[in-house]
Amino acid sequence: MQKMIDNIFDLDELKQINLSENEEELKRVMQVYLTEIQSLSNMEDKQIEDALADSTELIEGTPKFEFYKDNLTYLKQSYFIEVKKEETNKIDIETLKELKLDELINIEDYNGNTDLGISSSKISEVVSEKREKKEKWKDYNVISTVSSLIEVEESNMEYISNLSDYIAFVSKLEPAENYVSRGQKNCTYELLPSLHRRHEKDYEIHADKYENAFKQKIIYYDREIKGKSNEELRAEGQHFGLPTEYLDFTEAHLISLLFAIEDYEYTEQHSIVYFIDSFAYNIDTVSLSEKLIDYSDLNVVKSVRKYSSRSYFIKLGNSNERIHFQKGCFLKVSTQDKEEFKEKLMKYGKAVIINKDSKKEILKELFNLGITFENIYPDKDNVVKSIKFHYEEMQRGGN
């Protein structure tokens, strides 16, 4: 090792020729001293500088020393570039296995000919796209990738793999009592109400049709529904999957985490919990200093009708068991301020991304704290679901 370092640190040509300006000499030096340059590539820049000072008579800080040091650094950088080129031209077996025929040819235009006409350039193109996609979702790029999708600042996001990191994030919210949260199993899903996902326009017309049908039919299953307001009926329908303009949120952030990871076997994508300062949001949109506008009070409902074109956070009291147990609230999303809503999300929103490979372990931690499926879905099905998870995944380790 020392002999190799002595060679590379004692070359007359590196004292005289600027390699960054002489491509032919750079190629020659890299070919002749490839082994020594490989060793150089394992050294930090400061180590290179120290080794140069120890191995030569050159004095640190002088022009000659800096000239030699710049040549060595350029050699190191050039080596990494060549290695990267070589890696890019290679296709590993696992990547080949992932390739699908419909990625390489247009199946609809296939005429039955056995010569599929798949060129090496097409294979390289598809492989490059797959590599780029994988790179975007590597741990060190997750926050940047998701930030560009959901329009929340990177500085307001965190990527976590355990419950303690989640709790630490929540404890740093300022002021914590002003925030509500929402968990989603896929971090790439846009924050939109179900009504907006299903329809691209005429939201009010579609909403009326859904809600009128719900009012007519739900009476056969729940006689107490007669005494509920339109807003309470909408919330009731929302909890059973009726498309509405409401987005579910909660004041209980551990419950949001449970919502995000309850489908722990889904590992195609990371999960996410959104946090929004609803107090600041409501001041900005409807000029009311309220964390949640009380929609169980009809006088309050009348007073905010003038803000029908804006989105704001509301609560509906304990209009059903689920809202009560989930500490539920809603973001009433206006169809007329979709762009403004995105701006507000960036301004008042934060987010935690949950590693898809850590969901089961985090769910176990929640169960150990007494946060289970039956806490948020108070019915027999979820009592059984909680029992099965506890027995099959916690006591028996999933074996």
# chains A, B, ... in the order shown; residues from 1 in each chain; ligands from 1
call {"tool": "residues_around", "arguments": {"residues": "segment 386-388 of chain A", "least_positions_apart": "3", "cutoff": "8 Å", "atoms": "only C-alpha atoms", "output": "PyMOL selection string"}}
result
chain A and resi 372-374+382-383+391-393
call {"tool": "write_last_selection", "arguments": {"atoms": "all heavy atoms", "output": "PDB file, in the first residue's frame"}}
result
ATOM      1  N   THR A 372     -55.217  -0.188  19.540  1.00  0.00           N
ATOM      2  CA  THR A 372     -55.536  -1.344  18.699  1.00  0.00           C
ATOM      3  C   THR A 372     -56.667  -1.003  17.741  1.00  0.00           C
ATOM      4  O   THR A 372     -57.272   0.057  17.821  1.00  0.00           O
ATOM      5  CB  THR A 372     -55.951  -2.543  19.564  1.00  0.00           C
ATOM      6  OG1 THR A 372     -57.219  -2.260  20.172  1.00  0.00           O
ATOM      7  CG2 THR A 372     -54.914  -2.825  20.656  1.00  0.00           C
ATOM      8  N   PHE A 373     -56.976  -1.929  16.843  1.00  0.00           N
ATOM      9  CA  PHE A 373     -58.034  -1.701  15.853  1.00  0.00           C
ATOM     10  C   PHE A 373     -59.376  -1.421  16.518  1.00  0.00           C
ATOM     11  O   PHE A 373     -60.145  -0.584  16.056  1.00  0.00           O
ATOM     12  CB  PHE A 373     -58.154  -2.910  14.922  1.00  0.00           C
ATOM     13  CG  PHE A 373     -56.895  -3.264  14.207  1.00  0.00           C
ATOM     14  CD1 PHE A 373     -56.349  -4.538  14.292  1.00  0.00           C
ATOM     15  CD2 PHE A 373     -56.226  -2.322  13.433  1.00  0.00           C
ATOM     16  CE1 PHE A 373     -55.181  -4.865  13.635  1.00  0.00           C
ATOM     17  CE2 PHE A 373     -55.058  -2.630  12.762  1.00  0.00           C
ATOM     18  CZ  PHE A 373     -54.534  -3.911  12.867  1.00  0.00           C
ATOM     19  N   GLU A 374     -59.668  -2.125  17.603  1.00  0.00           N
ATOM     20  CA  GLU A 374     -60.978  -1.952  18.239  1.00  0.00           C
ATOM     21  C   GLU A 374     -61.107  -0.585  18.920  1.00  0.00           C
ATOM     22  O   GLU A 374     -62.219  -0.137  19.201  1.00  0.00           O
ATOM     23  CB  GLU A 374     -61.248  -3.059  19.250  1.00  0.00           C
ATOM     24  CG  GLU A 374     -60.250  -3.113  20.400  1.00  0.00           C
ATOM     25  CD  GLU A 374     -60.475  -4.325  21.288  1.00  0.00           C
ATOM     26  OE1 GLU A 374     -61.533  -4.377  21.940  1.00  0.00           O
ATOM     27  OE2 GLU A 374     -59.592  -5.202  21.323  1.00  0.00           O
ATOM     28  N   ASN A 382     -63.615  -5.769  14.404  1.00  0.00           N
ATOM     29  CA  ASN A 382     -62.289  -5.249  14.757  1.00  0.00           C
ATOM     30  C   ASN A 382     -61.804  -5.728  16.109  1.00  0.00           C
ATOM     31  O   ASN A 382     -60.603  -5.687  16.377  1.00  0.00           O
ATOM     32  CB  ASN A 382     -62.305  -3.726  14.664  1.00  0.00           C
ATOM     33  CG  ASN A 382     -62.231  -3.275  13.220  1.00  0.00           C
ATOM     34  OD1 ASN A 382     -61.178  -3.321  12.603  1.00  0.00           O
ATOM     35  ND2 ASN A 382     -63.372  -2.874  12.671  1.00  0.00           N
ATOM     36  N   VAL A 383     -62.723  -6.210  16.951  1.00  0.00           N
ATOM     37  CA  VAL A 383     -62.291  -6.931  18.155  1.00  0.00           C
ATOM     38  C   VAL A 383     -61.556  -8.193  17.712  1.00  0.00           C
ATOM     39  O   VAL A 383     -60.456  -8.496  18.191  1.00  0.00           O
ATOM     40  CB  VAL A 383     -63.494  -7.292  19.061  1.00  0.00           C
ATOM     41  CG1 VAL A 383     -63.054  -8.276  20.151  1.00  0.00           C
ATOM     42  CG2 VAL A 383     -64.084  -6.039  19.689  1.00  0.00           C
ATOM     43  N   TYR A 391     -52.386 -12.351  18.584  1.00  0.00           N
ATOM     44  CA  TYR A 391     -52.003 -13.756  18.699  1.00  0.00           C
ATOM     45  C   TYR A 391     -51.057 -14.189  17.586  1.00  0.00           C
ATOM     46  O   TYR A 391     -50.039 -14.828  17.836  1.00  0.00           O
ATOM     47  CB  TYR A 391     -53.259 -14.629  18.693  1.00  0.00           C
ATOM     48  CG  TYR A 391     -52.952 -16.109  18.799  1.00  0.00           C
ATOM     49  CD1 TYR A 391     -52.447 -16.658  19.983  1.00  0.00           C
ATOM     50  CD2 TYR A 391     -53.136 -16.948  17.703  1.00  0.00           C
ATOM     51  CE1 TYR A 391     -52.152 -18.004  20.068  1.00  0.00           C
ATOM     52  CE2 TYR A 391     -52.834 -18.296  17.778  1.00  0.00           C
ATOM     53  CZ  TYR A 391     -52.338 -18.826  18.969  1.00  0.00           C
ATOM     54  OH  TYR A 391     -52.038 -20.161  19.042  1.00  0.00           O
ATOM     55  N   GLU A 392     -51.368 -13.825  16.348  1.00  0.00           N
ATOM     56  CA  GLU A 392     -50.615 -14.341  15.206  1.00  0.00           C
ATOM     57  C   GLU A 392     -49.323 -13.586  14.922  1.00  0.00           C
ATOM     58  O   GLU A 392     -48.355 -14.169  14.439  1.00  0.00           O
ATOM     59  CB  GLU A 392     -51.501 -14.328  13.956  1.00  0.00           C
ATOM     60  CG  GLU A 392     -52.693 -15.266  14.060  1.00  0.00           C
ATOM     61  CD  GLU A 392     -53.651 -15.131  12.893  1.00  0.00           C
ATOM     62  OE1 GLU A 392     -53.354 -14.335  11.957  1.00  0.00           O
ATOM     63  OE2 GLU A 392     -54.702 -15.795  12.906  1.00  0.00           O
ATOM     64  N   GLU A 393     -49.305 -12.266  15.203  1.00  0.00           N
ATOM     65  CA  GLU A 393     -48.118 -11.469  14.859  1.00  0.00           C
ATOM     66  C   GLU A 393     -47.258 -11.115  16.069  1.00  0.00           C
ATOM     67  O   GLU A 393     -46.046 -10.961  15.936  1.00  0.00           O
ATOM     68  CB  GLU A 393     -48.536 -10.167  14.148  1.00  0.00           C
ATOM     69  CG  GLU A 393     -49.317 -10.387  12.861  1.00  0.00           C
ATOM     70  CD  GLU A 393     -48.502 -11.059  11.772  1.00  0.00           C
ATOM     71  OE1 GLU A 393     -47.284 -11.199  11.938  1.00  0.00           O
ATOM     72  OE2 GLU A 393     -49.099 -11.452  10.751  1.00  0.00           O
TER      73      GLU A 393
END
call {"tool": "residues_around", "arguments": {"residues": "Glu132 of chain A", "least_positions_apart": "6", "cutoff": "12 Å", "atoms": "only C-alpha atoms", "output": "ChimeraX atom specification"}}
result
/A:88,125-126,138,141,145
call {"tool": "residues_around", "arguments": {"residues": "Ala235 of chain A", "least_positions_apart": "5", "cutoff": "10 Å", "atoms": "only C-alpha atoms", "output": "CSV table (one decimal) with all heavy atoms, in the first residue's frame"}}
result
chain,number,residue,atom,x,y,z
A,229,SER,N,-78.6,16.6,11.7
A,229,SER,CA,-78.5,17.6,10.7
A,229,SER,C,-77.9,17.1,9.4
A,229,SER,O,-77.3,16.0,9.3
A,229,SER,CB,-77.6,18.8,11.2
A,229,SER,OG,-76.3,18.3,11.3
A,230,ASN,N,-77.9,17.9,8.3
A,230,ASN,CA,-77.3,17.5,7.0
A,230,ASN,C,-75.8,17.3,7.2
A,230,ASN,O,-75.3,16.3,6.6
A,230,ASN,CB,-77.6,18.6,6.0
A,230,ASN,CG,-79.0,18.6,5.5
A,230,ASN,OD1,-79.8,17.6,5.7
A,230,ASN,ND2,-79.4,19.7,5.0
A,240,PHE,N,-68.7,5.7,6.4
A,240,PHE,CA,-69.0,4.4,5.8
A,240,PHE,C,-68.7,4.3,4.3
A,240,PHE,O,-69.1,3.4,3.6
A,240,PHE,CB,-70.5,4.0,6.0
A,240,PHE,CG,-70.8,3.7,7.4
A,240,PHE,CD1,-71.4,4.7,8.3
A,240,PHE,CD2,-70.5,2.5,8.0
A,240,PHE,CE1,-71.7,4.4,9.6
A,240,PHE,CE2,-70.7,2.2,9.3
A,240,PHE,CZ,-71.3,3.1,10.1
A,241,GLY,N,-67.9,5.3,3.8
A,241,GLY,CA,-67.4,5.3,2.5
A,241,GLY,C,-68.1,6.1,1.4
A,241,GLY,O,-67.9,6.0,0.2
A,242,LEU,N,-69.1,6.8,1.9
A,242,LEU,CA,-69.9,7.7,1.0
A,242,LEU,C,-69.0,8.8,0.4
A,242,LEU,O,-68.4,9.5,1.2
A,242,LEU,CB,-71.1,8.3,1.6
A,242,LEU,CG,-72.1,9.0,0.7
A,242,LEU,CD1,-72.9,8.0,-0.1
A,242,LEU,CD2,-73.0,9.9,1.6
A,244,THR,N,-67.8,12.3,-0.3
A,244,THR,CA,-68.2,13.6,0.2
A,244,THR,C,-67.0,14.6,0.0
A,244,THR,O,-66.0,14.2,-0.5
A,244,THR,CB,-68.5,13.6,1.7
A,244,THR,OG1,-67.3,13.5,2.5
A,244,THR,CG2,-69.4,12.4,2.1
A,245,GLU,N,-67.3,15.8,0.4
A,245,GLU,CA,-66.3,16.9,0.3
A,245,GLU,C,-65.4,16.9,1.5
A,245,GLU,O,-64.6,17.8,1.7
A,245,GLU,CB,-66.9,18.2,0.0
A,245,GLU,CG,-67.9,18.6,1.1
A,245,GLU,CD,-68.6,19.9,0.8
A,245,GLU,OE1,-68.3,20.6,-0.2
A,245,GLU,OE2,-69.4,20.3,1.6
A,246,TYR,N,-65.6,16.0,2.5
A,246,TYR,CA,-64.9,16.0,3.7
A,246,TYR,C,-63.7,15.1,3.6
A,246,TYR,O,-63.6,14.1,3.0
A,246,TYR,CB,-65.8,15.4,4.9
A,246,TYR,CG,-66.9,16.3,5.4
A,246,TYR,CD1,-67.8,15.8,6.3
A,246,TYR,CD2,-67.1,17.6,4.9
A,246,TYR,CE1,-68.8,16.6,6.8
A,246,TYR,CE2,-68.1,18.4,5.4
A,246,TYR,CZ,-69.0,17.9,6.3
A,246,TYR,OH,-70.0,18.7,6.8
A,247,LEU,N,-62.6,15.6,4.3
A,247,LEU,CA,-61.4,14.8,4.6
A,247,LEU,C,-61.3,14.5,6.1
A,247,LEU,O,-61.4,15.4,6.9
A,247,LEU,CB,-60.1,15.5,4.1
A,247,LEU,CG,-59.6,15.3,2.7
A,247,LEU,CD1,-58.4,16.2,2.5
A,247,LEU,CD2,-59.2,13.8,2.5
A,248,ASP,N,-61.2,13.2,6.4
A,248,ASP,CA,-61.1,12.8,7.8
A,248,ASP,C,-59.8,13.2,8.4
A,248,ASP,O,-58.7,13.0,7.9
A,248,ASP,CB,-61.2,11.3,8.0
A,248,ASP,CG,-62.6,10.8,7.6
A,248,ASP,OD1,-63.5,10.9,8.4
A,248,ASP,OD2,-62.8,10.2,6.5
A,315,LYS,N,-65.7,20.4,13.3
A,315,LYS,CA,-66.0,19.3,14.2
A,315,LYS,C,-67.5,19.1,14.2
A,315,LYS,O,-68.2,20.1,14.1
A,315,LYS,CB,-65.4,19.5,15.6
A,315,LYS,CG,-66.0,20.6,16.4
A,315,LYS,CD,-65.4,20.7,17.8
A,315,LYS,CE,-65.9,21.9,18.5
A,315,LYS,NZ,-65.3,22.0,19.9
A,316,LEU,N,-67.9,17.9,14.5
A,316,LEU,CA,-69.4,17.6,14.6
A,316,LEU,C,-69.8,17.0,15.9
A,316,LEU,O,-70.8,16.3,15.9
A,316,LEU,CB,-69.7,16.7,13.4
A,316,LEU,CG,-69.9,17.5,12.1
A,316,LEU,CD1,-69.8,16.5,10.9
A,316,LEU,CD2,-71.2,18.2,12.0
A,319,SER,N,-71.2,12.6,16.9
A,319,SER,CA,-72.4,12.3,16.1
A,319,SER,C,-72.5,10.8,15.8
A,319,SER,O,-73.5,10.3,15.5
A,319,SER,CB,-72.4,13.1,14.8
A,319,SER,OG,-71.3,12.8,14.1
A,320,ASN,N,-71.4,10.1,16.0
A,320,ASN,CA,-71.4,8.6,15.9
A,320,ASN,C,-70.3,8.0,16.7
A,320,ASN,O,-69.3,8.8,17.1
A,320,ASN,CB,-71.5,8.1,14.5
A,320,ASN,CG,-70.2,8.3,13.7
A,320,ASN,OD1,-69.1,8.3,14.2
A,320,ASN,ND2,-70.3,8.6,12.4
A,323,ILE,N,-66.6,8.6,15.3
A,323,ILE,CA,-66.0,10.0,15.5
A,323,ILE,C,-65.6,10.2,17.0
A,323,ILE,O,-64.6,10.7,17.3
A,323,ILE,CB,-67.1,11.0,15.1
A,323,ILE,CG1,-67.3,11.0,13.6
A,323,ILE,CG2,-66.6,12.4,15.6
A,323,ILE,CD1,-68.4,12.0,13.1
A,328,GLY,N,-62.4,12.3,16.0
A,328,GLY,CA,-62.4,12.7,14.6
A,328,GLY,C,-62.9,14.2,14.4
A,328,GLY,O,-63.6,14.8,15.2
A,329,CYS,N,-62.4,14.7,13.3
A,329,CYS,CA,-62.8,16.1,12.8
A,329,CYS,C,-62.6,16.0,11.3
A,329,CYS,O,-62.2,15.0,10.8
A,329,CYS,CB,-61.9,17.2,13.5
A,329,CYS,SG,-60.1,16.9,13.3
A,330,PHE,N,-62.9,17.1,10.6
A,330,PHE,CA,-62.9,17.1,9.2
A,330,PHE,C,-62.3,18.4,8.6
A,330,PHE,O,-62.4,19.4,9.2
A,330,PHE,CB,-64.3,16.9,8.6
A,330,PHE,CG,-65.0,15.7,9.1
A,330,PHE,CD1,-65.8,15.8,10.2
A,330,PHE,CD2,-64.9,14.5,8.5
A,330,PHE,CE1,-66.5,14.6,10.7
A,330,PHE,CE2,-65.6,13.4,8.9
A,330,PHE,CZ,-66.4,13.4,10.0
call {"tool": "closest_residue", "arguments": {"among": "A:Leu11, A:Ser278, A:Ser148, A:Val333", "to": "Leu195 of chain A", "atoms": "only C-alpha atoms"}}
result
A:Val333
call {"tool": "atom_distance", "arguments": {"atom1": "atom CA of Tyr79 of chain A", "atom2": "atom CA of Ile123 of chain A"}}
result
26.5 Å
call {"tool": "closest_residue", "arguments": {"among": "A:Thr73, A:Asn156, A:Thr335, A:Ser78", "to": "Leu34 of chain A", "atoms": "only C-alpha atoms"}}
result
A:Ser78
